[in-house]
$ cat start.cif   # mmCIF, C-alpha atoms
data_coords
#
loop_
_atom_site.group_PDB
_atom_site.id
_atom_site.type_symbol
_atom_site.label_atom_id
_atom_site.label_comp_id
_atom_site.auth_asym_id
_atom_site.auth_seq_id
_atom_site.Cartn_x
_atom_site.Cartn_y
_atom_site.Cartn_z
ATOM 1 C CA MET A 249 0.000 0.000 0.000
ATOM 2 C CA VAL A 250 2.800 2.361 0.944
ATOM 3 C CA ARG A 251 4.581 1.600 -2.307
ATOM 4 C CA VAL A 252 1.779 2.490 -4.706
ATOM 5 C CA SER A 253 0.328 5.591 -3.069
ATOM 6 C CA ALA A 254 2.123 8.949 -3.248
ATOM 7 C CA TYR A 255 0.625 9.880 0.125
ATOM 8 C CA GLY A 256 1.048 6.546 1.872
ATOM 9 C CA TYR A 257 4.742 6.804 2.659
ATOM 10 C CA PRO A 258 4.727 10.371 4.093
ATOM 11 C CA ILE A 259 1.624 9.590 6.176
ATOM 12 C CA MET A 260 3.198 6.429 7.609
ATOM 13 C CA ILE A 261 6.462 8.303 8.330
ATOM 14 C CA MET A 262 4.456 11.048 10.053
ATOM 15 C CA LEU A 263 2.481 8.569 12.173
ATOM 16 C CA HIS A 264 5.731 6.787 13.047
ATOM 17 C CA SER A 265 7.170 10.047 14.471
ATOM 18 C CA LEU A 266 3.971 10.711 16.407
ATOM 19 C CA GLY A 267 3.949 7.203 17.902
ATOM 20 C CA LEU A 268 7.640 7.613 18.763
ATOM 21 C CA ALA A 269 6.997 10.867 20.610
ATOM 22 C CA ILE A 270 4.114 9.266 22.562
ATOM 23 C CA MET A 271 5.873 5.993 23.475
ATOM 24 C CA VAL A 272 9.406 7.289 24.043
ATOM 25 C CA GLY A 273 8.332 10.686 25.410
ATOM 26 C CA LEU A 274 6.096 9.131 28.055
ATOM 27 C CA SER A 275 8.385 6.148 28.831
ATOM 28 C CA VAL A 276 11.338 8.447 29.459
ATOM 29 C CA VAL A 277 9.392 10.789 31.765
ATOM 30 C CA LEU A 278 7.955 7.821 33.687
ATOM 31 C CA SER A 279 11.363 6.104 33.901
ATOM 32 C CA LEU A 280 12.760 9.354 35.314
ATOM 33 C CA ARG A 281 9.945 9.247 37.878
ATOM 34 C CA VAL A 282 11.045 5.756 38.919
ATOM 35 C CA LEU A 283 14.630 7.046 39.175
ATOM 36 C CA GLY A 284 13.486 9.637 41.718
ATOM 37 C CA PHE A 285 12.629 12.733 39.666
ATOM 38 C CA PHE A 286 9.114 14.268 39.717
ATOM 39 C CA SER A 287 8.347 12.232 42.845
ATOM 40 C CA ALA A 288 5.031 14.052 43.341
ATOM 41 C CA ILE A 289 3.604 11.900 40.526
ATOM 42 C CA PRO A 290 2.065 8.878 42.319
ATOM 43 C CA TYR A 291 2.588 5.308 41.073
ATOM 44 C CA THR A 292 -1.143 4.944 40.342
ATOM 45 C CA SER A 293 -0.887 7.822 37.836
ATOM 46 C CA LEU A 294 2.320 6.342 36.486
ATOM 47 C CA GLN A 295 0.475 3.129 35.646
ATOM 48 C CA ARG A 296 -2.342 4.997 33.880
ATOM 49 C CA LEU A 297 0.122 7.084 31.862
ATOM 50 C CA LEU A 298 2.106 4.009 30.841
ATOM 51 C CA LYS A 299 -1.090 2.593 29.326
ATOM 52 C CA ILE A 300 -1.242 5.717 27.128
ATOM 53 C CA ALA A 301 2.396 5.130 26.147
ATOM 54 C CA TRP A 302 1.378 1.769 24.646
ATOM 55 C CA ILE A 303 -0.990 3.605 22.287
ATOM 56 C CA GLY A 304 2.137 5.160 20.800
ATOM 57 C CA PHE A 305 3.701 1.723 20.546
ATOM 58 C CA ILE A 306 0.669 0.344 18.688
ATOM 59 C CA ILE A 307 0.722 3.310 16.263
ATOM 60 C CA ASN A 308 4.387 2.533 15.563
ATOM 61 C CA PHE A 309 3.908 -1.211 15.293
ATOM 62 C CA LEU A 310 1.338 -0.606 12.549
ATOM 63 C CA SER A 311 3.039 2.299 10.749
ATOM 64 C CA GLY A 312 6.428 0.606 11.118
ATOM 65 C CA GLY A 313 5.064 -2.657 9.735
ATOM 66 C CA SER A 314 3.740 -0.771 6.738
ATOM 67 C CA LEU A 315 7.054 1.053 6.157
ATOM 68 C CA PHE A 316 8.951 -2.219 6.518
ATOM 69 C CA ALA A 317 6.707 -4.081 4.070
ATOM 70 C CA ALA A 318 7.312 -1.396 1.435
ATOM 71 C CA ASN A 319 11.062 -2.099 1.476
ATOM 72 C CA ALA A 320 11.476 -5.374 3.358
ATOM 73 C CA GLU A 321 14.379 -6.752 1.306
ATOM 74 C CA VAL A 322 16.457 -3.630 2.035
ATOM 75 C CA PHE A 323 15.619 -3.367 5.738
ATOM 76 C CA ILE A 324 16.107 -7.018 6.623
ATOM 77 C CA VAL A 325 19.830 -6.881 5.798
ATOM 78 C CA ASP A 326 20.451 -3.360 7.170
ATOM 79 C CA PRO A 327 22.499 -3.577 10.414
ATOM 80 C CA VAL A 328 21.294 -0.117 11.514
ATOM 81 C CA PHE A 329 17.676 -1.204 11.116
ATOM 82 C CA LEU A 330 18.334 -4.495 12.942
ATOM 83 C CA THR A 331 20.015 -2.630 15.833
ATOM 84 C CA LYS A 332 17.061 -0.279 16.027
ATOM 85 C CA MET A 333 14.589 -3.193 16.070
ATOM 86 C CA ALA A 334 16.543 -4.961 18.816
ATOM 87 C CA MET A 335 16.501 -1.767 20.926
ATOM 88 C CA VAL A 336 12.763 -1.233 20.350
ATOM 89 C CA ILE A 337 11.982 -4.804 21.420
ATOM 90 C CA ILE A 338 14.244 -4.491 24.491
ATOM 91 C CA GLY A 339 12.749 -1.079 25.329
ATOM 92 C CA ALA A 340 9.192 -2.412 25.087
ATOM 93 C CA ILE A 341 10.013 -5.476 27.232
ATOM 94 C CA LEU A 342 11.668 -3.241 29.849
ATOM 95 C CA VAL A 343 8.617 -0.956 30.009
ATOM 96 C CA GLY A 344 6.441 -4.059 30.422
ATOM 97 C CA ILE A 345 8.696 -5.319 33.235
ATOM 98 C CA MET A 346 8.637 -1.849 34.831
ATOM 99 C CA GLN A 347 4.828 -1.850 34.752
ATOM 100 C CA SER A 348 4.512 -5.264 36.387
ATOM 101 C CA MET A 349 7.146 -4.408 39.024
ATOM 102 C CA ILE A 350 5.259 -1.203 39.906
ATOM 103 C CA LYS A 351 2.029 -3.220 40.056
ATOM 104 C CA GLY A 352 3.723 -5.673 42.421
ATOM 105 C CA ALA A 353 5.046 -2.874 44.626
ATOM 106 C CA MET A 354 1.600 -1.261 44.749
ATOM 107 C CA ALA A 355 -0.071 -4.579 45.654
ATOM 108 C CA GLY A 356 2.403 -4.869 48.522
ATOM 109 C CA GLY A 357 1.064 -1.559 49.830
ATOM 110 C CA SER A 358 4.234 0.368 49.046
ATOM 111 C CA ALA A 359 2.650 2.519 46.362
ATOM 112 C CA ASP A 360 4.714 5.620 46.924
ATOM 113 C CA VAL A 361 7.864 4.438 48.621
ATOM 114 C CA VAL A 362 11.239 4.791 46.964
ATOM 115 C CA ALA A 363 11.696 2.413 44.031
ATOM 116 C CA SER A 364 13.787 -0.721 44.600
ATOM 117 C CA THR A 365 17.258 -0.851 43.055
ATOM 118 C CA SER A 366 16.183 -3.471 40.521
ATOM 119 C CA LEU A 367 13.252 -1.281 39.420
ATOM 120 C CA LYS A 368 15.633 1.662 39.014
ATOM 121 C CA VAL A 369 17.999 -0.458 36.911
ATOM 122 C CA VAL A 370 15.097 -1.450 34.655
ATOM 123 C CA ALA A 371 14.098 2.226 34.288
ATOM 124 C CA ALA A 372 17.653 3.336 33.458
ATOM 125 C CA LEU A 373 18.049 0.542 30.895
ATOM 126 C CA ALA A 374 14.696 1.480 29.344
ATOM 127 C CA ILE A 375 15.879 5.081 28.831
ATOM 128 C CA ALA A 376 19.111 3.784 27.278
ATOM 129 C CA ALA A 377 17.323 1.337 24.959
ATOM 130 C CA TRP A 378 14.817 3.951 23.739
ATOM 131 C CA THR A 379 17.548 6.533 23.182
ATOM 132 C CA ILE A 380 19.704 4.159 21.126
ATOM 133 C CA GLY A 381 16.600 2.859 19.314
ATOM 134 C CA MET A 382 15.478 6.375 18.409
ATOM 135 C CA VAL A 383 18.926 7.516 17.264
ATOM 136 C CA THR A 384 19.582 4.416 15.134
ATOM 137 C CA GLY A 385 16.013 4.558 13.797
ATOM 138 C CA ARG A 386 16.509 8.124 12.601
ATOM 139 C CA LEU A 387 19.875 7.214 11.078
ATOM 140 C CA ILE A 388 18.434 4.419 8.890
ATOM 141 C CA ALA A 389 17.739 7.074 6.247
ATOM 142 C CA TYR A 390 21.388 8.207 6.239
ATOM 143 C CA LEU A 391 23.635 5.214 6.889
ATOM 144 C CA MET B 1151 15.644 28.825 -7.472
ATOM 145 C CA GLY B 1152 12.762 30.188 -5.430
ATOM 146 C CA SER B 1153 10.993 32.256 -8.076
ATOM 147 C CA ASP B 1154 7.910 32.794 -5.855
ATOM 148 C CA LEU B 1155 9.867 34.377 -3.009
ATOM 149 C CA PRO B 1156 9.435 38.093 -2.257
ATOM 150 C CA ASN B 1157 12.515 40.145 -3.157
ATOM 151 C CA TRP B 1158 13.192 41.487 0.333
ATOM 152 C CA ILE B 1159 13.826 38.005 1.714
ATOM 153 C CA ARG B 1160 16.551 37.016 -0.752
ATOM 154 C CA PRO B 1161 19.396 39.050 0.809
ATOM 155 C CA ILE B 1162 18.513 37.524 4.189
ATOM 156 C CA LEU B 1163 18.554 33.979 2.800
ATOM 157 C CA ASP B 1164 21.820 34.677 0.958
ATOM 158 C CA TRP B 1165 23.375 36.078 4.136
ATOM 159 C CA MET B 1166 22.239 32.988 6.104
ATOM 160 C CA GLN B 1167 24.236 30.849 3.697
ATOM 161 C CA THR B 1168 27.427 32.779 4.460
ATOM 162 C CA THR B 1169 27.321 32.237 8.242
ATOM 163 C CA TRP B 1170 29.217 29.770 10.429
ATOM 164 C CA ILE B 1171 25.886 28.161 11.314
ATOM 165 C CA ASN B 1172 25.545 27.188 7.645
ATOM 166 C CA ASP B 1173 29.034 25.643 7.831
ATOM 167 C CA LEU B 1174 28.035 23.773 10.973
ATOM 168 C CA ALA B 1175 24.975 22.250 9.260
ATOM 169 C CA LEU B 1176 26.586 21.451 5.923
ATOM 170 C CA GLY B 1177 30.279 21.092 6.814
ATOM 171 C CA PRO B 1178 30.967 17.516 7.803
ATOM 172 C CA GLN B 1179 28.779 14.924 6.090
ATOM 173 C CA TRP B 1180 27.546 13.522 9.402
ATOM 174 C CA SER B 1181 26.473 16.797 11.015
ATOM 175 C CA TRP B 1182 22.959 16.976 9.483
ATOM 176 C CA PRO B 1183 22.040 13.392 10.528
ATOM 177 C CA ILE B 1184 23.385 14.040 14.044
ATOM 178 C CA LEU B 1185 21.348 17.254 14.259
ATOM 179 C CA GLU B 1186 18.292 15.223 13.190
ATOM 180 C CA THR B 1187 18.797 12.727 16.020
ATOM 181 C CA ILE B 1188 19.168 15.613 18.509
ATOM 182 C CA HIS B 1189 16.007 17.241 17.083
ATOM 183 C CA PHE B 1190 14.129 13.951 17.635
ATOM 184 C CA THR B 1191 15.459 13.673 21.195
ATOM 185 C CA GLY B 1192 14.230 17.202 21.880
ATOM 186 C CA MET B 1193 10.876 16.275 20.336
ATOM 187 C CA CYS B 1194 10.423 13.400 22.820
ATOM 188 C CA LEU B 1195 11.462 15.572 25.780
ATOM 189 C CA LEU B 1196 9.014 18.258 24.656
ATOM 190 C CA PHE B 1197 6.105 15.979 23.794
ATOM 191 C CA GLY B 1198 6.084 13.486 26.705
ATOM 192 C CA PRO B 1199 5.522 16.126 29.410
ATOM 193 C CA ILE B 1200 3.085 18.022 27.117
ATOM 194 C CA ILE B 1201 0.861 14.920 26.920
ATOM 195 C CA ILE B 1202 0.864 14.531 30.713
ATOM 196 C CA MET B 1203 0.324 18.246 31.477
ATOM 197 C CA ASP B 1204 -2.408 18.793 28.891
ATOM 198 C CA LEU B 1205 -4.296 15.607 29.761
ATOM 199 C CA ARG B 1206 -4.158 16.564 33.447
ATOM 200 C CA LEU B 1207 -5.441 20.034 32.600
ATOM 201 C CA MET B 1208 -8.382 18.364 30.862
ATOM 202 C CA GLY B 1209 -9.110 16.401 34.028
ATOM 203 C CA PHE B 1210 -7.256 13.126 33.351
ATOM 204 C CA ASP B 1211 -6.543 11.239 36.594
ATOM 205 C CA ARG B 1212 -7.108 14.437 38.610
ATOM 206 C CA LEU B 1213 -8.029 12.584 41.812
ATOM 207 C CA SER B 1214 -4.594 10.980 42.210
ATOM 208 C CA LEU B 1215 -2.449 13.335 40.128
ATOM 209 C CA SER B 1216 -2.152 16.854 41.618
ATOM 210 C CA SER B 1217 -1.738 19.872 39.359
ATOM 211 C CA ALA B 1218 1.405 20.793 41.314
ATOM 212 C CA ALA B 1219 2.946 17.388 40.459
ATOM 213 C CA VAL B 1220 2.598 17.901 36.715
ATOM 214 C CA HIS B 1221 3.873 21.477 36.957
ATOM 215 C CA LYS B 1222 7.256 20.021 37.919
ATOM 216 C CA LEU B 1223 7.511 18.718 34.331
ATOM 217 C CA ILE B 1224 7.692 22.225 32.841
ATOM 218 C CA PRO B 1225 11.548 22.427 32.921
ATOM 219 C CA LEU B 1226 11.757 19.145 30.973
ATOM 220 C CA THR B 1227 9.415 20.346 28.243
ATOM 221 C CA VAL B 1228 11.210 23.719 28.098
ATOM 222 C CA ALA B 1229 14.537 21.866 27.743
ATOM 223 C CA GLY B 1230 13.091 19.887 24.818
ATOM 224 C CA PHE B 1231 11.787 23.091 23.243
ATOM 225 C CA VAL B 1232 15.146 24.891 23.554
ATOM 226 C CA ILE B 1233 17.017 21.889 22.073
ATOM 227 C CA ASN B 1234 14.632 21.909 19.108
ATOM 228 C CA LEU B 1235 14.657 25.677 18.688
ATOM 229 C CA LEU B 1236 18.463 25.638 18.477
ATOM 230 C CA THR B 1237 18.776 22.601 16.176
ATOM 231 C CA GLY B 1238 15.858 23.976 14.134
ATOM 232 C CA ILE B 1239 17.669 27.300 13.645
ATOM 233 C CA VAL B 1240 20.763 25.398 12.443
ATOM 234 C CA PHE B 1241 18.568 23.572 9.890
ATOM 235 C CA LEU B 1242 17.170 26.926 8.676
ATOM 236 C CA PHE B 1243 20.649 28.391 8.230
ATOM 237 C CA GLY B 1244 21.807 25.167 6.584
ATOM 238 C CA ASP B 1245 19.202 25.256 3.812
ATOM 239 C CA PRO B 1246 17.377 28.638 3.971
ATOM 240 C CA TYR B 1247 15.876 28.636 0.458
ATOM 241 C CA ARG B 1248 14.344 25.207 0.983
ATOM 242 C CA TYR B 1249 12.559 26.222 4.193
ATOM 243 C CA ALA B 1250 11.515 29.629 2.856
ATOM 244 C CA MET B 1251 9.619 27.875 0.053
ATOM 245 C CA ASN B 1252 8.277 24.925 2.028
ATOM 246 C CA ILE B 1253 4.534 24.926 2.793
ATOM 247 C CA SER B 1254 4.836 22.318 5.529
ATOM 248 C CA PHE B 1255 7.492 24.379 7.311
ATOM 249 C CA ALA B 1256 5.334 27.523 7.044
ATOM 250 C CA ILE B 1257 2.391 25.680 8.632
ATOM 251 C CA LYS B 1258 4.664 24.279 11.341
ATOM 252 C CA PHE B 1259 6.121 27.739 12.051
ATOM 253 C CA TRP B 1260 2.695 29.409 12.491
ATOM 254 C CA LEU B 1261 1.466 26.498 14.616
ATOM 255 C CA ILE B 1262 4.428 27.020 16.971
ATOM 256 C CA ILE B 1263 3.537 30.734 17.189
ATOM 257 C CA LEU B 1264 -0.103 29.770 17.933
ATOM 258 C CA ALA B 1265 1.005 27.231 20.554
ATOM 259 C CA GLY B 1266 3.164 29.965 22.087
ATOM 260 C CA ILE B 1267 0.204 32.371 22.254
ATOM 261 C CA ASN B 1268 -1.877 29.548 23.767
ATOM 262 C CA ALA B 1269 0.806 28.944 26.418
ATOM 263 C CA LEU B 1270 1.003 32.679 27.132
ATOM 264 C CA TYR B 1271 -2.778 32.810 27.514
ATOM 265 C CA PHE B 1272 -2.590 29.823 29.866
ATOM 266 C CA TRP B 1273 0.129 31.497 31.925
ATOM 267 C CA ILE B 1274 -1.605 34.903 32.201
ATOM 268 C CA LYS B 1275 -5.291 33.965 32.313
ATOM 269 C CA ALA B 1276 -5.554 30.357 33.440
ATOM 270 C CA THR B 1277 -2.881 30.151 36.125
ATOM 271 C CA PRO B 1278 -4.665 32.595 38.515
ATOM 272 C CA VAL B 1279 -7.899 30.585 38.100
ATOM 273 C CA LEU B 1280 -6.091 27.282 38.728
ATOM 274 C CA GLU B 1281 -4.380 28.686 41.820
ATOM 275 C CA ARG B 1282 -7.770 29.270 43.408
ATOM 276 C CA LEU B 1283 -8.697 25.604 42.838
ATOM 277 C CA GLY B 1284 -7.703 22.750 45.121
ATOM 278 C CA PRO B 1285 -4.916 20.401 43.895
ATOM 279 C CA HIS B 1286 -7.437 17.794 42.685
ATOM 280 C CA GLU B 1287 -10.344 20.027 41.686
ATOM 281 C CA ASP B 1288 -11.712 19.978 38.141
ATOM 282 C CA ALA B 1289 -10.804 23.014 35.980
ATOM 283 C CA PRO B 1290 -13.531 25.045 34.222
ATOM 284 C CA THR B 1291 -14.281 24.099 30.599
ATOM 285 C CA SER B 1292 -12.676 27.290 29.254
ATOM 286 C CA ILE B 1293 -9.350 26.155 30.733
ATOM 287 C CA LYS B 1294 -9.741 22.547 29.598
ATOM 288 C CA ILE B 1295 -10.020 23.921 26.067
ATOM 289 C CA VAL B 1296 -6.594 25.562 26.493
ATOM 290 C CA GLY B 1297 -5.159 22.122 27.335
ATOM 291 C CA LEU B 1298 -6.888 20.444 24.399
ATOM 292 C CA SER B 1299 -5.715 23.196 21.997
ATOM 293 C CA SER B 1300 -2.159 22.819 23.229
ATOM 294 C CA LEU B 1301 -2.192 19.043 22.691
ATOM 295 C CA ILE B 1302 -3.682 19.400 19.199
ATOM 296 C CA MET B 1303 -1.271 22.193 18.203
ATOM 297 C CA TRP B 1304 1.874 20.363 19.324
ATOM 298 C CA THR B 1305 0.676 17.168 17.629
ATOM 299 C CA LEU B 1306 0.239 19.131 14.401
ATOM 300 C CA VAL B 1307 3.651 20.830 14.857
ATOM 301 C CA LEU B 1308 5.204 17.371 15.042
ATOM 302 C CA CYS B 1309 3.245 16.057 12.047
ATOM 303 C CA PHE B 1310 3.956 19.014 9.753
ATOM 304 C CA GLY B 1311 7.586 19.017 10.865
ATOM 305 C CA ARG B 1312 7.954 15.434 9.716
ATOM 306 C CA LEU B 1313 6.166 16.217 6.437
ATOM 307 C CA ILE B 1314 8.639 18.975 5.457
ATOM 308 C CA PRO B 1315 10.571 16.671 3.070
ATOM 309 C CA TYR B 1316 7.366 15.498 1.367
ATOM 310 C CA LEU B 1317 4.896 18.419 1.282
ATOM 311 C CA GLY B 1318 5.323 21.309 -1.108
ATOM 312 C CA THR B 1319 9.041 21.032 -1.660
ATOM 313 C CA GLY B 1320 9.720 23.665 -4.335
#

$ encode --input "start.cif" --output "structure tokens"
Amino acid sequence: MVRVSAYGYPIMIMLHSLGLAIMVGLSVVLSLRVLGFFSAIPYTSLQRLLKIAWIGFIINFLSGGSLFAANAEVFIVDPVFLTKMAMVIIGAILVGIMQSMIKGAMAGGSADVVASTSLKVVAALAIAAWTIGMVTGRLIAYL
Amino acid sequence: MGSDLPNWIRPILDWMQTTWINDLALGPQWSWPILETIHFTGMCLLFGPIIIMDLRLMGFDRLSLSSAAVHKLIPLTVAGFVINLLTGIVFLFGDPYRYAMNISFAIKFWLIILAGINALYFWIKATPVLERLGPHEDAPTSIKIVGLSSLIMWTLVLCFGRLIPYLGTG
């Protein structure tokens, strides 16, 4: 679809940037919260906002799938693309782990206590994965 | 190049191409791609807090999320904006004729001005109203509209920014 329509490619690229800003923008802020910044944001709100972040992920899964399908044979052998994909998958898994760890902490009644060290490590790794994923993703067009 | 441009703007565009900022953008082959990655980083730092602040202004999760808590995100969004203003200016100096003729950039530019006016309105008119409310109280509809406008405007800024290479390139 992207290949035949003159509008398809720009629209998918545009949606992919929007989904990126939603998923990465929110994940980074919420990871910073886990790391001790913006501590006035309660964990309950954190959980609700992380659900919104996944909307961005879905937008990018769909738009990204469409962009990939239009040029699959090029992307599948591109090391920059493969690095980006690995980082996106790791980033998404880390956000999922972060969500379930926060859920566990809240169930234990410690909703607003300081995050455990392991939770902080997950948050820091999530920021790193998203940053590398975003940078390599943007560089696919150039490298 | 640029036959539709008004005459007064040409000397400015020509001068922009003689500056060190132009050298910075076009000098080494890798500088434009690096600036793009920084511009995208700034975009995420700007947009993440905007989503949270504007949704909260519209009433999202107001019973557990205080308005004071989301206000703490302002420095992060300002940092993202400054990063993108600076990298954006380098892009303009790097290829001034392209941006001067680009419809998508023009739309993006005026949307940023509108979003700025909206933020100014929020700061001057809405802040005193919000200060009289409790930390979890619902804002009046007139103020919720300011939040919704902000979210829509920044979303459109992002979209038209990304469409610059595809829409109305002279």

$ interface_residues --input "start.cif" --of "chain A" --to "chain B" --cutoff "9 Å" --atoms "all atoms listed in the file" --output "ChimeraX atom specification"
/A:255,258-259,261-263,265-266,268-277,286-290,292-293,296-297,379,382-387,389-390

$ axis_aligned_box --input "start.cif" --around "stretch 1192-1210 of chain B" --padding-each-side "6 Å" --output "AutoDock Vina command-line options"
--center_x 2.6 --center_y 16.6 --center_z 27.2 --size_x 35.3 --size_y 18.9 --size_z 25.7

$ atom_distance --input "start.cif" --atom1 "atom CA of B:Pro1290" --atom2 "atom CA of B:Asn1268"
16.3 Å

$ atom_distance --input "start.cif" --atom1 "atom CA of B:Ala1269" --atom2 "atom CA of B:Leu1301"
11.0 Å

$ residues_near_point --input "start.cif" --point "(6.7, 30.3, -2.2)" --cutoff "6 Å" --atoms "only C-alpha atoms" --output "NGL selection string"
:B and (1154-1155 or 1251)

$ residues_around --input "start.cif" --residues "stretch 1170-1172 of chain B" --least-positions-apart "5" --cutoff "6 Å" --atoms "all atoms listed in the file" --output "PyMOL selection string"
chain B and resi 1240+1243-1244

$ atom_distance --input "start.cif" --atom1 "atom CA of B:Ala1276" --atom2 "atom CA of B:Leu1264"
16.4 Å

$ closest_residue --input "start.cif" --among "B:Asp1245, B:Ile1293, B:Gly1318, B:Lys1275" --to "B:Trp1165" --atoms "only C-alpha atoms"
B:Asp1245

$ closest_residue --input "start.cif" --among "A:Ile345, A:His264, A:Ser314, A:Ser279" --to "A:Ala376" --atoms "only C-alpha atoms"
A:Ser279

$ closest_residue --input "start.cif" --among "A:Met354, A:Ile307, A:Ile380, A:Leu367" --to "A:Gln295" --atoms "only C-alpha atoms"
A:Met354
